file start25.txt (compact mmCIF, C-alpha atoms and all ligand atoms)
# COMPACT_ATOMS: atom_id res chain seq x y z
CA MET B 1107 6.13 -2.06 16.95
CA SER B 1108 8.49 -0.24 14.64
CA LEU B 1109 8.45 -0.09 10.87
CA THR B 1110 11.90 0.08 9.24
CA LEU B 1111 13.02 0.41 5.64
CA THR B 1112 16.47 -0.50 4.36
CA THR B 1113 17.42 -0.15 0.71
CA ALA B 1114 20.44 -1.11 -1.38
CA GLY B 1115 21.33 -0.91 -5.04
CA GLU B 1116 23.35 1.03 -7.58
CA SER B 1117 21.91 2.92 -10.53
CA HIS B 1118 23.32 0.56 -13.18
CA GLY B 1119 23.82 -2.49 -10.96
CA PRO B 1120 21.72 -5.64 -11.34
CA ALA B 1121 18.84 -4.51 -9.10
CA LEU B 1122 17.53 -2.31 -6.32
CA VAL B 1123 16.35 -4.00 -3.15
CA ALA B 1124 14.32 -2.95 -0.11
CA ILE B 1125 13.50 -4.65 3.13
CA LEU B 1126 10.41 -3.32 4.89
CA SER B 1127 10.12 -4.80 8.38
CA GLY B 1128 7.38 -4.36 10.94
CA LEU B 1129 4.25 -4.77 8.82
CA PRO B 1130 1.34 -6.61 10.41
CA ALA B 1131 0.38 -10.03 9.06
CA GLY B 1132 -2.65 -10.29 6.81
CA LEU B 1133 -2.32 -7.10 4.78
CA VAL B 1134 -3.45 -7.80 1.20
CA LEU B 1135 -1.06 -6.30 -1.33
CA ASP B 1136 -1.92 -5.50 -4.94
CA ARG B 1137 0.97 -6.00 -7.32
CA GLU B 1138 -0.62 -3.72 -9.91
CA ALA B 1139 -0.98 -0.90 -7.41
CA ILE B 1140 2.75 -1.09 -6.62
CA ASP B 1141 3.66 -1.22 -10.33
CA ARG B 1142 1.34 1.72 -10.99
CA ASP B 1143 3.35 3.87 -8.59
CA LEU B 1144 6.61 2.65 -10.16
CA HIS B 1145 5.18 3.72 -13.52
CA ARG B 1146 4.10 7.11 -12.16
CA ARG B 1147 7.64 7.74 -10.90
CA GLN B 1148 8.95 7.24 -14.43
CA GLN B 1149 6.56 9.75 -16.00
CA GLY B 1150 6.70 13.50 -16.20
CA TYR B 1151 7.77 16.31 -18.41
CA GLY B 1152 11.53 16.59 -18.82
CA ARG B 1153 12.60 13.02 -18.13
CA SER B 1154 15.47 11.39 -20.04
CA PRO B 1155 15.20 8.49 -22.52
CA ARG B 1156 16.39 6.20 -19.71
CA GLN B 1157 12.82 6.19 -18.43
CA GLN B 1158 11.76 4.44 -21.66
CA LEU B 1159 14.50 1.91 -21.14
CA GLU B 1160 13.46 1.18 -17.57
CA SER B 1161 9.97 -0.18 -17.24
CA ASP B 1162 9.97 -0.88 -13.56
CA VAL B 1163 8.05 -3.73 -11.98
CA VAL B 1164 8.25 -5.07 -8.45
CA GLU B 1165 9.32 -8.56 -7.47
CA VAL B 1166 8.73 -9.91 -3.98
CA LEU B 1167 11.27 -12.30 -2.52
CA ALA B 1168 10.03 -12.69 1.04
CA GLY B 1169 7.37 -11.73 3.55
CA LEU B 1170 4.37 -12.36 1.29
CA ARG B 1171 2.36 -15.49 0.60
CA HIS B 1172 -0.54 -15.61 -1.85
CA GLY B 1173 -0.73 -11.82 -1.75
CA ARG B 1174 -0.90 -11.48 2.05
CA THR B 1175 1.87 -10.21 4.29
CA LEU B 1176 3.24 -12.74 6.76
CA GLY B 1177 4.30 -10.22 9.40
CA THR B 1178 7.90 -11.03 8.51
CA PRO B 1179 10.36 -8.76 6.64
CA LEU B 1180 9.02 -7.92 3.19
CA ALA B 1181 11.81 -8.09 0.60
CA LEU B 1182 11.21 -6.11 -2.60
CA VAL B 1183 13.31 -6.06 -5.76
CA VAL B 1184 13.22 -3.73 -8.78
CA ARG B 1185 15.59 -4.84 -11.53
CA ASN B 1186 17.64 -2.34 -13.53
CA ARG B 1187 16.92 -3.21 -17.14
CA ASP B 1188 19.75 -0.90 -18.20
CA HIS B 1189 22.16 -3.23 -16.39
CA LYS B 1190 22.40 -5.29 -19.57
CA ASN B 1191 24.50 -2.44 -21.00
CA TRP B 1192 26.68 -2.37 -17.90
CA THR B 1193 27.31 -6.05 -17.17
CA TRP B 1194 31.06 -5.47 -17.46
CA GLY B 1195 31.23 -1.94 -16.02
CA MET B 1196 28.99 -2.68 -13.03
CA SER B 1197 29.78 -6.34 -12.49
CA PRO B 1198 29.69 -7.04 -8.73
CA TRP B 1199 32.59 -9.47 -9.16
CA PRO B 1200 35.79 -8.90 -11.15
CA PRO B 1201 34.50 -9.21 -14.70
CA GLU B 1202 35.77 -11.76 -17.19
CA GLY B 1203 36.38 -11.24 -20.89
CA ASP B 1204 36.56 -8.01 -22.86
CA PRO B 1205 34.91 -4.80 -21.76
CA GLU B 1206 31.82 -4.15 -23.84
CA GLY B 1207 32.77 -0.53 -24.17
CA LYS B 1208 30.07 1.01 -22.04
CA GLY B 1209 30.49 1.94 -18.42
CA THR B 1210 34.12 0.94 -18.33
CA LYS B 1211 36.01 4.25 -18.54
CA PRO B 1212 36.78 5.71 -15.10
CA VAL B 1213 34.95 8.98 -14.37
CA THR B 1214 37.37 11.63 -13.09
CA LEU B 1215 35.50 14.89 -13.82
CA PRO B 1216 33.12 15.45 -10.87
CA ARG B 1217 29.80 17.26 -11.48
CA PRO B 1218 29.18 20.28 -9.26
CA GLY B 1219 26.04 19.66 -7.21
CA HIS B 1220 26.35 15.89 -7.31
CA ALA B 1221 27.95 13.39 -4.95
CA ASP B 1222 30.97 13.03 -7.23
CA LEU B 1223 33.65 15.14 -5.57
CA ALA B 1224 32.61 14.68 -1.94
CA GLY B 1225 32.17 10.94 -2.51
CA ALA B 1226 35.54 10.52 -4.23
CA LEU B 1227 37.34 12.33 -1.40
CA LYS B 1228 35.39 10.68 1.41
CA TYR B 1229 35.81 7.11 0.17
CA GLY B 1230 39.20 7.51 -1.54
CA LEU B 1231 37.90 6.67 -5.02
CA ASP B 1232 39.84 6.87 -8.29
CA ASP B 1233 36.65 6.36 -10.27
CA VAL B 1234 33.84 8.77 -9.36
CA ARG B 1235 31.36 6.18 -10.66
CA ASP B 1236 31.78 4.34 -7.35
CA ALA B 1237 30.11 7.35 -5.67
CA LEU B 1238 27.55 8.46 -8.23
CA GLU B 1239 26.01 5.04 -8.74
CA ARG B 1240 24.51 4.94 -5.26
CA ALA B 1241 23.95 8.69 -4.89
CA SER B 1242 21.80 8.62 -8.04
CA ALA B 1243 18.05 8.96 -7.52
CA ARG B 1244 17.52 5.66 -9.34
CA GLN B 1245 17.38 4.29 -5.80
CA THR B 1246 14.04 6.02 -5.31
CA ALA B 1247 12.32 3.37 -7.47
CA VAL B 1248 12.44 0.77 -4.72
CA SER B 1249 11.50 3.36 -2.07
CA VAL B 1250 8.40 4.10 -4.13
CA ALA B 1251 7.57 0.37 -4.13
CA ALA B 1252 7.89 0.32 -0.33
CA GLY B 1253 5.81 3.50 -0.14
CA ALA B 1254 3.05 1.84 -2.16
CA VAL B 1255 2.94 -0.93 0.47
CA CYS B 1256 2.75 1.70 3.22
CA LYS B 1257 -0.13 3.43 1.43
CA THR B 1258 -1.98 0.10 1.39
CA LEU B 1259 -1.51 -0.20 5.15
CA LEU B 1260 -2.60 3.40 5.72
CA ARG B 1261 -5.78 2.87 3.69
CA GLU B 1262 -6.81 0.30 6.31
CA ILE B 1263 -7.01 3.18 8.81
CA GLY B 1264 -8.66 5.63 6.44
CA VAL B 1265 -5.57 7.57 5.33
CA GLU B 1266 -4.96 8.68 1.73
CA VAL B 1267 -1.62 10.19 0.73
CA GLU B 1268 -1.15 12.10 -2.50
CA GLY B 1269 1.78 14.02 -3.97
CA SER B 1270 1.53 16.68 -6.69
CA VAL B 1271 3.60 19.38 -8.37
CA VAL B 1272 3.01 22.97 -7.31
CA GLY B 1273 2.52 25.04 -10.48
CA LEU B 1274 2.53 22.15 -12.94
CA GLU B 1275 1.32 24.38 -15.81
CA GLU B 1276 4.34 26.63 -15.79
CA LEU B 1277 6.74 23.71 -15.28
CA PRO B 1278 6.52 22.38 -18.91
CA ALA B 1279 7.33 25.87 -20.22
CA ARG B 1280 10.36 26.13 -17.96
CA VAL B 1281 11.44 22.62 -18.99
CA ASP B 1282 11.15 23.44 -22.71
CA GLU B 1283 13.26 26.56 -22.33
CA ALA B 1284 15.86 24.81 -20.22
CA ARG B 1285 16.10 21.85 -22.58
CA GLN B 1286 16.73 24.19 -25.51
CA ASP B 1287 19.57 25.72 -23.52
CA ARG B 1288 20.76 22.25 -22.51
CA ASP B 1289 20.12 23.29 -18.92
CA THR B 1290 18.02 21.85 -16.06
CA VAL B 1291 15.29 23.04 -13.69
CA GLY B 1292 13.90 22.21 -10.28
CA GLY B 1293 10.54 22.93 -8.67
CA VAL B 1294 8.25 22.46 -5.69
CA VAL B 1295 6.05 19.49 -4.78
CA GLU B 1296 3.34 19.10 -2.18
CA VAL B 1297 2.17 16.00 -0.34
CA ARG B 1298 -1.21 15.90 1.37
CA ALA B 1299 -2.44 13.20 3.71
CA ARG B 1300 -6.16 13.05 4.50
CA GLY B 1301 -7.73 11.08 7.33
CA VAL B 1302 -4.77 11.08 9.72
CA VAL B 1303 -6.02 10.80 13.30
CA PRO B 1304 -4.93 13.38 15.84
CA GLY B 1305 -2.07 12.00 17.91
CA LEU B 1306 0.59 10.59 15.55
CA GLY B 1307 4.07 11.67 16.61
CA SER B 1308 4.90 13.28 19.94
CA TYR B 1309 6.24 16.44 21.53
CA ALA B 1310 8.00 14.35 24.18
CA ALA B 1311 11.32 14.18 22.30
CA LYS B 1312 12.56 15.89 19.16
CA GLU B 1313 13.11 12.65 17.28
CA GLU B 1314 9.49 11.67 17.93
CA ARG B 1315 8.06 14.85 16.42
CA LEU B 1316 6.05 14.06 13.30
CA ASP B 1317 7.08 17.33 11.64
CA ALA B 1318 10.77 16.55 12.24
CA ARG B 1319 10.34 13.06 10.87
CA LEU B 1320 8.54 14.22 7.75
CA ALA B 1321 11.14 16.92 7.18
CA ALA B 1322 13.97 14.40 7.51
CA ALA B 1323 12.19 11.97 5.19
CA LEU B 1324 11.76 14.65 2.51
CA MET B 1325 15.26 16.05 2.97
CA GLY B 1326 16.48 12.48 2.59
CA ILE B 1327 15.40 12.54 -1.05
CA GLN B 1328 18.03 13.49 -3.63
CA ALA B 1329 18.00 17.15 -4.72
CA VAL B 1330 15.52 18.31 -2.03
CA LYS B 1331 16.89 21.49 -0.46
CA GLY B 1332 13.94 22.91 1.44
CA VAL B 1333 10.92 21.58 3.32
CA GLU B 1334 7.84 23.39 4.62
CA ILE B 1335 5.13 22.14 6.96
CA GLY B 1336 1.86 23.94 6.33
CA GLU B 1337 2.51 27.58 5.49
CA GLY B 1338 6.11 27.15 6.62
CA PHE B 1339 8.30 30.16 5.88
CA ALA B 1340 5.32 32.41 5.15
CA LEU B 1341 4.23 32.06 8.80
CA ALA B 1342 7.39 33.82 9.90
CA ALA B 1343 6.11 37.07 8.38
CA LYS B 1344 2.62 36.87 9.89
CA ARG B 1345 1.16 37.94 13.23
CA GLY B 1346 0.04 35.26 15.65
CA SER B 1347 -3.60 36.20 15.14
CA GLU B 1348 -3.21 35.41 11.41
CA ALA B 1349 -0.93 32.41 11.78
CA HIS B 1350 -2.79 29.95 14.01
CA ASP B 1351 -5.86 27.86 13.36
CA GLU B 1352 -8.67 28.70 15.78
CA ILE B 1353 -10.50 25.82 17.46
CA LEU B 1354 -14.26 25.97 16.96
CA PRO B 1355 -17.12 23.96 18.55
CA GLY B 1356 -16.96 20.33 17.47
CA LEU B 1357 -13.17 20.80 17.58
CA VAL B 1358 -13.15 21.88 13.93
CA ARG B 1359 -10.85 24.40 12.30
CA GLU B 1360 -11.64 26.87 9.56
CA THR B 1361 -8.00 27.16 8.51
CA ASN B 1362 -5.06 24.77 8.29
CA ARG B 1363 -1.99 26.96 8.30
CA ALA B 1364 -0.19 24.49 10.56
CA GLY B 1365 -0.42 21.81 7.86
CA GLY B 1366 -2.10 19.33 10.21
CA ILE B 1367 0.66 19.22 12.80
CA GLU B 1368 0.94 21.12 16.11
CA ALA B 1369 3.77 20.55 18.59
CA GLY B 1370 5.07 17.68 16.49
CA VAL B 1371 1.73 15.82 16.72
CA SER B 1372 -0.90 15.35 14.02
CA ASN B 1373 -4.01 17.37 14.94
CA GLY B 1374 -6.57 15.65 12.72
CA GLU B 1375 -6.46 18.21 9.92
CA GLU B 1376 -5.06 17.37 6.49
CA ILE B 1377 -1.28 17.00 6.63
CA ARG B 1378 0.40 19.31 4.11
CA VAL B 1379 4.12 19.36 3.44
CA ARG B 1380 6.13 20.84 0.61
CA ALA B 1381 9.60 20.09 -0.72
CA GLY B 1382 11.73 22.33 -2.94
CA MET B 1383 13.97 20.60 -5.47
CA LYS B 1384 17.10 22.20 -6.88
CA PRO B 1385 17.83 22.02 -10.63
CA LEU B 1386 19.39 18.66 -11.52
CA PRO B 1387 23.19 18.76 -11.46
CA THR B 1388 23.97 16.81 -14.67
CA LEU B 1389 24.01 19.40 -17.44
CA MET B 1390 24.30 18.68 -21.14
CA ARG B 1391 26.26 21.92 -21.29
CA PRO B 1392 28.58 21.01 -18.45
CA LEU B 1393 29.85 23.28 -15.68
CA ARG B 1394 33.53 23.79 -14.97
CA SER B 1395 35.28 21.10 -13.00
CA VAL B 1396 38.73 19.70 -12.36
CA ASP B 1397 40.07 16.34 -13.53
CA LEU B 1398 40.84 14.42 -10.34
CA ALA B 1399 43.41 12.26 -12.15
CA THR B 1400 45.47 15.15 -13.57
CA GLY B 1401 44.47 18.23 -11.56
CA GLU B 1402 43.75 19.99 -14.86
CA PRO B 1403 40.65 22.15 -15.36
CA GLY B 1404 37.96 20.53 -17.47
CA GLU B 1405 34.22 20.12 -17.91
CA ALA B 1406 32.04 18.00 -15.68
CA LEU B 1407 30.82 14.55 -16.70
CA VAL B 1408 27.94 14.49 -19.16
CA GLU B 1409 25.77 11.43 -18.73
CA ARG B 1410 22.25 10.74 -19.95
CA SER B 1411 20.10 12.73 -17.57
CA ASP B 1412 16.73 14.36 -16.96
CA THR B 1413 16.02 18.04 -17.62
CA ALA B 1414 13.58 17.99 -14.72
CA ALA B 1415 12.30 15.34 -12.36
CA VAL B 1416 9.79 17.36 -10.37
CA GLU B 1417 6.81 15.15 -11.25
CA ALA B 1418 8.84 12.12 -10.25
CA LEU B 1419 9.74 13.84 -7.00
CA ALA B 1420 6.02 14.22 -6.23
CA VAL B 1421 5.68 10.42 -6.36
CA VAL B 1422 8.89 9.84 -4.39
CA ALA B 1423 7.86 12.40 -1.74
CA GLU B 1424 4.42 10.79 -1.51
CA ALA B 1425 6.13 7.45 -0.79
CA ALA B 1426 8.42 9.02 1.81
CA VAL B 1427 5.48 10.63 3.63
CA ALA B 1428 3.50 7.38 3.43
CA PHE B 1429 6.38 5.49 5.04
CA GLU B 1430 6.69 8.03 7.88
CA LEU B 1431 2.95 8.07 8.56
CA ALA B 1432 2.81 4.27 8.47
CA ARG B 1433 5.77 4.16 10.86
CA ALA B 1434 4.07 6.56 13.27
CA ALA B 1435 0.81 4.61 13.01
CA ARG B 1436 2.58 1.31 13.71
CA GLU B 1437 4.13 2.88 16.83
CA LYS B 1438 0.78 4.11 18.07
CA PHE B 1439 -1.47 1.17 17.21
CA GLY B 1440 0.94 -1.81 17.13
CA GLY B 1441 -0.47 -5.28 16.57
CA ASP B 1442 0.94 -8.40 14.95
CA ALA B 1443 -2.18 -9.14 12.91
CA LEU B 1444 -3.80 -6.51 10.69
CA GLY B 1445 -7.02 -6.86 12.71
CA ASP B 1446 -5.17 -5.96 15.93
CA PHE B 1447 -3.76 -2.84 14.29
CA VAL B 1448 -7.08 -1.70 12.83
CA GLY B 1449 -8.91 -2.62 16.05
CA ALA B 1450 -6.57 -0.45 18.14
CA TRP B 1451 -7.05 2.42 15.71
CA ARG B 1452 -10.85 2.06 15.88
CA ALA B 1453 -10.85 1.96 19.69
CA TYR B 1454 -8.76 5.12 19.75
CA VAL B 1455 -11.02 6.89 17.25
CA ASP B 1456 -13.98 5.97 19.47
CA ARG B 1457 -12.24 7.23 22.61
CA ILE B 1458 -11.51 10.63 21.17
CA ALA B 1459 -14.82 10.65 19.24
CA TRP B 1460 -13.02 11.67 16.05
CA GLN B 1461 -14.78 11.41 12.75
CA THR B 1462 -12.73 10.37 9.72
CA ARG B 1463 -13.21 12.96 7.02
C1 LIG F 1 13.33 11.51 -9.00
C2 LIG F 1 14.68 12.14 -9.16
C3 LIG F 1 15.35 12.06 -10.38
C4 LIG F 1 16.60 12.64 -10.55
N1 LIG F 1 17.20 12.56 -11.76
C5 LIG F 1 18.41 13.16 -11.92
C6 LIG F 1 19.05 13.17 -13.19
O1 LIG F 1 18.55 12.61 -14.18
N2 LIG F 1 20.24 13.79 -13.30
C7 LIG F 1 20.84 14.40 -12.24
O2 LIG F 1 21.92 14.97 -12.39
N3 LIG F 1 20.26 14.43 -11.02
C8 LIG F 1 19.08 13.82 -10.85
N4 LIG F 1 18.50 13.86 -9.61
C9 LIG F 1 19.15 14.59 -8.52
C10 LIG F 1 20.43 13.92 -8.00
O3 LIG F 1 20.20 12.58 -7.69
C11 LIG F 1 20.96 14.70 -6.78
O4 LIG F 1 21.03 16.05 -7.08
C12 LIG F 1 22.33 14.19 -6.40
O5 LIG F 1 22.20 12.88 -5.91
C13 LIG F 1 23.04 15.06 -5.36
O6 LIG F 1 22.35 15.07 -4.15
P1 LIG F 1 21.75 16.42 -3.55
O7 LIG F 1 21.16 17.17 -4.69
O8 LIG F 1 20.73 15.98 -2.56
O9 LIG F 1 22.87 17.22 -2.94
C14 LIG F 1 17.23 13.30 -9.44
C15 LIG F 1 16.56 13.38 -8.22
C16 LIG F 1 15.29 12.82 -8.06
C17 LIG F 1 14.58 12.92 -6.74
call {"tool": "encode", "arguments": {"input": "start25.txt", "output": "structure tokens"}}
result
Amino acid sequence: MSLTLTTAGESHGPALVAILSGLPAGLVLDREAIDRDLHRRQQGYGRSPRQQLESDVVEVLAGLRHGRTLGTPLALVVRNRDHKNWTWGMSPWPPEGDPEGKGTKPVTLPRPGHADLAGALKYGLDDVRDALERASARQTAVSVAAGAVCKTLLREIGVEVEGSVVGLEELPARVDEARQDRDTVGGVVEVRARGVVPGLGSYAAKEERLDARLAAALMGIQAVKGVEIGEGFALAAKRGSEAHDEILPGLVRETNRAGGIEAGVSNGEEIRVRAGMKPLPTLMRPLRSVDLATGEPGEALVERSDTAAVEALAVVAEAAVAFELARAAREKFGGDALGDFVGAWRAYVDRIAWQTR
């Protein structure tokens, strides 16, 4: 049984959509819990006024009846409220009537650090907007909705996933300084998953490794440039005797430097992963660029943008980890009905005599 997630949607288009396939039937979803995560993604120090404009809520188009999953593809939609200002500029079909002014001028000054230049060259675009609309992290809203569903599934097998910012206290100070300078900042987030049984993922093939899958999921998020599992890079400087987690009677560990994964397989300890986010590439004091229409030097596009989105990244990373853990759990425990899935998990927990902590 495999869990898959497909998303579509542009930043200022009508809506973002996600199809989550491979859920068992009978999982009770809570609309408020999904909307709560959408709300969390929009919070945080350093966000732009767009977040006040967008008040995200989930709509479900398929796969759910009376609050229970049907075991069929779950189709989720998050509408872009800002689309009302872009009905001409982002019209899926050739628009009729006069442009409303907004979102109509072609963008030809690519922002360093964004998808603009690479996207324009790759797809042969005259208007960089055709690249930046999809590359934008607005897409993460619907991934967070899907992640909230995955967290609901994981709770059925005793797993809790939580993302947070590393060094939140010093982040607001850095944001304040950067905002004054019309600059941007990045930061580091951590996701922890408690209650994951030993045995998710596999060492049999590299694409089955849980660490590789989590790393790919986190790297798949916009602006993430580094990922660590457990103590990650710090382990490289340690001796083996200080780097590994000794196994004590009762199969318990006193340390968790491995971040809950050994040989690509969860080991029953808390899963800990970190992601490093670069400073956001849209600057209010723009960097140098070149006008793609004229070849003349200029300044990169300035568009309403966040100073920092590290707190949002914590929520997005939490959703990405939840999806990967749910995917690995679906592979291991299968089942068309929720009871089959939970029953297989329970039988496995009994076989290995593992206590959920
Ligand atoms: C939650 C979140 C919000 C973001 N908000 C912005 C933003 O407001 N302005 C911006 O320039 N980049 C923002 N980004 C980062 C860009 O989307 C990202 O840097 C860009 O797509 C280029 O991709 P890359 O950084 O992975 O190379 C955000 C990223 C995340 C995860």
call {"tool": "residues_near_ligand", "arguments": {"input": "start25.txt", "ligand": "ligand LIG 1 (chain F)", "cutoff": "6 Å", "atoms": "only C-alpha atoms and all ligand atoms", "output": "list in words"}}
result
Gly1219, His1220, Ala1221, Ala1241, Ser1242, Ala1243, Ile1327, Gln1328, Ala1329, Val1330, Leu1386, Pro1387, Thr1388, Ser1411, Asp1412, Ala1415, Ala1418 and Leu1419 of chain B
call {"tool": "write_last_selection", "arguments": {"input": "start25.txt", "atoms": "C-alpha atoms", "output": "mmCIF file, in the frame of the given file"}}
result
data_model
loop_
_atom_site.group_PDB
_atom_site.id
_atom_site.type_symbol
_atom_site.label_atom_id
_atom_site.label_comp_id
_atom_site.auth_asym_id
_atom_site.auth_seq_id
_atom_site.Cartn_x
_atom_site.Cartn_y
_atom_site.Cartn_z
ATOM 1 C CA GLY B 1219 26.040 19.660 -7.210
ATOM 2 C CA HIS B 1220 26.350 15.890 -7.310
ATOM 3 C CA ALA B 1221 27.950 13.390 -4.950
ATOM 4 C CA ALA B 1241 23.950 8.690 -4.890
ATOM 5 C CA SER B 1242 21.800 8.620 -8.040
ATOM 6 C CA ALA B 1243 18.050 8.960 -7.520
ATOM 7 C CA ILE B 1327 15.400 12.540 -1.050
ATOM 8 C CA GLN B 1328 18.030 13.490 -3.630
ATOM 9 C CA ALA B 1329 18.000 17.150 -4.720
ATOM 10 C CA VAL B 1330 15.520 18.310 -2.030
ATOM 11 C CA LEU B 1386 19.390 18.660 -11.520
ATOM 12 C CA PRO B 1387 23.190 18.760 -11.460
ATOM 13 C CA THR B 1388 23.970 16.810 -14.670
ATOM 14 C CA SER B 1411 20.100 12.730 -17.570
ATOM 15 C CA ASP B 1412 16.730 14.360 -16.960
ATOM 16 C CA ALA B 1415 12.300 15.340 -12.360
ATOM 17 C CA ALA B 1418 8.840 12.120 -10.250
ATOM 18 C CA LEU B 1419 9.740 13.840 -7.000
#
call {"tool": "atom_distance", "arguments": {"input": "start25.txt", "atom1": "CA of Ile1335 in chain B", "atom2": "CA of Asp1317 in chain B"}}
result
7.0 Å
call {"tool": "residues_near_point", "arguments": {"input": "start25.txt", "point": "(24.8, -3.9, -17.2)", "cutoff": "12 Å", "atoms": "all atoms listed in the file", "output": "list in words"}}
result
Glu1116, Ser1117, His1118, Gly1119, Pro1120, Ala1121, Arg1185, Asn1186, Arg1187, Asp1188, His1189, Lys1190, Asn1191, Trp1192, Thr1193, Trp1194, Gly1195, Met1196, Ser1197, Pro1198, Pro1201, Pro1205, Glu1206, Gly1207, Lys1208, Gly1209 and Thr1210 of chain B
call {"tool": "atom_distance", "arguments": {"input": "start25.txt", "atom1": "CA of Val1427 in chain B", "atom2": "CA of Val1297 in chain B"}}
result
7.5 Å
call {"tool": "closest_residue", "arguments": {"input": "start25.txt", "among": "B:Glu1268, B:Thr1361, B:Val1234, B:Val1166", "to": "Glu1348 in chain B", "atoms": "only C-alpha atoms"}}
result
B:Thr1361
call {"tool": "residues_around", "arguments": {"input": "start25.txt", "residues": "Val1371 in chain B", "least_positions_apart": "5", "cutoff": "10 Å", "atoms": "only C-alpha atoms", "output": "PDB file with C-alpha atoms, in the coordinates of the input"}}
result
ATOM      1  CA  VAL B1303      -6.020  10.800  13.300  1.00  0.00           C
ATOM      2  CA  PRO B1304      -4.930  13.380  15.840  1.00  0.00           C
ATOM      3  CA  GLY B1305      -2.070  12.000  17.910  1.00  0.00           C
ATOM      4  CA  LEU B1306       0.590  10.590  15.550  1.00  0.00           C
ATOM      5  CA  GLY B1307       4.070  11.670  16.610  1.00  0.00           C
ATOM      6  CA  SER B1308       4.900  13.280  19.940  1.00  0.00           C
ATOM      7  CA  TYR B1309       6.240  16.440  21.530  1.00  0.00           C
ATOM      8  CA  ALA B1310       8.000  14.350  24.180  1.00  0.00           C
ATOM      9  CA  GLU B1314       9.490  11.670  17.930  1.00  0.00           C
ATOM     10  CA  ARG B1315       8.060  14.850  16.420  1.00  0.00           C
ATOM     11  CA  LEU B1316       6.050  14.060  13.300  1.00  0.00           C
ATOM     12  CA  ASP B1317       7.080  17.330  11.640  1.00  0.00           C
ATOM     13  CA  GLY B1366      -2.100  19.330  10.210  1.00  0.00           C
TER      14      GLY B1366
END
call {"tool": "residues_around", "arguments": {"input": "start25.txt", "residues": "Gly1326 in chain B", "least_positions_apart": "6", "cutoff": "10 Å", "atoms": "only C-alpha atoms", "output": "VMD selection string"}}
result
chain B and resid 1320 1423 1426
call {"tool": "atom_distance", "arguments": {"input": "start25.txt", "atom1": "CA of Val1281 in chain B", "atom2": "CA of Glu1424 in chain B"}}
result
22.2 Å
call {"tool": "closest_residue", "arguments": {"input": "start25.txt", "among": "B:Ala1453, B:Ala1251, B:Leu1167, B:Ala1340", "to": "Arg1147 in chain B", "atoms": "all atoms listed in the file"}}
result
B:Ala1251
call {"tool": "closest_residue", "arguments": {"input": "start25.txt", "among": "B:Gly1269, B:Gly1401, B:Pro1278, B:Gly1332", "to": "Arg1378 in chain B", "atoms": "only C-alpha atoms"}}
result
B:Gly1269
call {"tool": "residues_around", "arguments": {"input": "start25.txt", "residues": "range 1256-1266 of chain B", "least_positions_apart": "6", "cutoff": "8 Å", "atoms": "only C-alpha atoms", "output": "PyMOL selection string"}}
result
chain B and resi 1133+1135+1299-1302+1425+1428-1429+1431-1432+1448+1451+1462
call {"tool": "write_last_selection", "arguments": {"input": "start25.txt", "atoms": "C-alpha atoms", "output": "PDB file, keeping the file's coordinate frame"}}
result
ATOM      1  CA  LEU B1133      -2.320  -7.100   4.780  1.00  0.00           C
ATOM      2  CA  LEU B1135      -1.060  -6.300  -1.330  1.00  0.00           C
ATOM      3  CA  ALA B1299      -2.440  13.200   3.710  1.00  0.00           C
ATOM      4  CA  ARG B1300      -6.160  13.050   4.500  1.00  0.00           C
ATOM      5  CA  GLY B1301      -7.730  11.080   7.330  1.00  0.00           C
ATOM      6  CA  VAL B1302      -4.770  11.080   9.720  1.00  0.00           C
ATOM      7  CA  ALA B1425       6.130   7.450  -0.790  1.00  0.00           C
ATOM      8  CA  ALA B1428       3.500   7.380   3.430  1.00  0.00           C
ATOM      9  CA  PHE B1429       6.380   5.490   5.040  1.00  0.00           C
ATOM     10  CA  LEU B1431       2.950   8.070   8.560  1.00  0.00           C
ATOM     11  CA  ALA B1432       2.810   4.270   8.470  1.00  0.00           C
ATOM     12  CA  VAL B1448      -7.080  -1.700  12.830  1.00  0.00           C
ATOM     13  CA  TRP B1451      -7.050   2.420  15.710  1.00  0.00           C
ATOM     14  CA  THR B1462     -12.730  10.370   9.720  1.00  0.00           C
TER      15      THR B1462
END
call {"tool": "closest_residue", "arguments": {"input": "start25.txt", "among": "B:Val1134, B:Ala1247, B:Pro1355, B:Pro1155", "to": "Arg1171 in chain B", "atoms": "only C-alpha atoms"}}
result
B:Val1134
call {"tool": "residues_around", "arguments": {"input": "start25.txt", "residues": "Asp1233 in chain B", "least_positions_apart": "5", "cutoff": "10 Å", "atoms": "all atoms listed in the file", "output": "list in words"}}
result
Lys1211, Pro1212, Val1213, Thr1214, Leu1215, Pro1216, Asp1222, Ala1226, Leu1238, Leu1398 and Ala1399 of chain B
call {"tool": "axis_aligned_box", "arguments": {"input": "start25.txt", "around": "range 1250-1262 of chain B", "padding_each_side": "6 Å", "output": "JSON"}}
result
{"center_x": 0.8, "center_y": 1.6, "center_z": 1.1, "size_x": 27.2, "size_y": 17.0, "size_z": 22.4}
call {"tool": "closest_residue", "arguments": {"input": "start25.txt", "among": "B:Val1271, B:Ala1114, B:Ile1125, B:Val1294", "to": "Glu1239 in chain B", "atoms": "all atoms listed in the file"}}
result
B:Ala1114
call {"tool": "closest_residue", "arguments": {"input": "start25.txt", "among": "B:Asp1136, B:Asp1141, B:Glu1360, B:Asp1287", "to": "Leu1170 in chain B", "atoms": "only C-alpha atoms"}}
result
B:Asp1136
